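Colleague: First, the structure itself, so that you have it in front of you.
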Amino acid sequence: MSVCYVKLWKLLLEKDIKRTELISIAGISSNIVAKMGRNEYVAMESLEKVCKALKCDISDIVEFVTEEK
């Protein structure tokens with residue numbers, strides 16, 4: 001099972017927010033955004049900051065996907 005942030009990128013497009021703006025409004029580092037861009041795990045604290053900044057729920061920005069063998 002892996003993590004996927006496609007929902008986050010779609011939400012940013014809908015809200016016309018750039019990744020650099022997300023860093024500023026959410027108070028997260030560029031490393032966090034880079035990790036999300038590579039679909040890597042990030043701390044729950046960082047996800048909470050993103051959700052608060054975007055006024056959304058965690059299910060609106062991240063999902064778990066099952067990898068097929």
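By order in the structure tokens, chains are A, B, ...; within a chain, residues start at 1; ligands start at 1, following the order shown.
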Report as a ChimeraX atom specification all protein, DNA and RNA residues lying within 10 Å of Val33 (chain A), evaluated on only C-alpha atoms, omitting residues in the same chain fewer than 4 positions from it.
Modeller: /A:19-20,22-23,28-29,37-40,42,46
Colleague: Smallest atom-to-atom distance to Cys4 (chain A): which of A:Ala43, A:Ile25, A:Val50, A:Met36, using only C-alpha atoms?
Modeller: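 The answer is A:Met36, which sits nearest to Cys4 (chain A).
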Colleague: Quick one: distance from CA of Glu67 (chain A) to CA of Leu47 (chain A) in Å, one decimal?
Modeller: 22.3 Å
Colleague: Taking the DSSP assignment computed from this structure's backbone, write out as an MDAnalysis selection string all residues of chain A that belong to strand (DSSP E or B).
Modeller: chainID A and resid 2:4 63:65
Colleague: Can you check which residues of chain A DSSP gives as helix (DSSP H, G or I) on the backbone and send them as a PyMOL selection string?
Modeller: chain A and resi 6-14+19-26+30-37+44-54+58-60
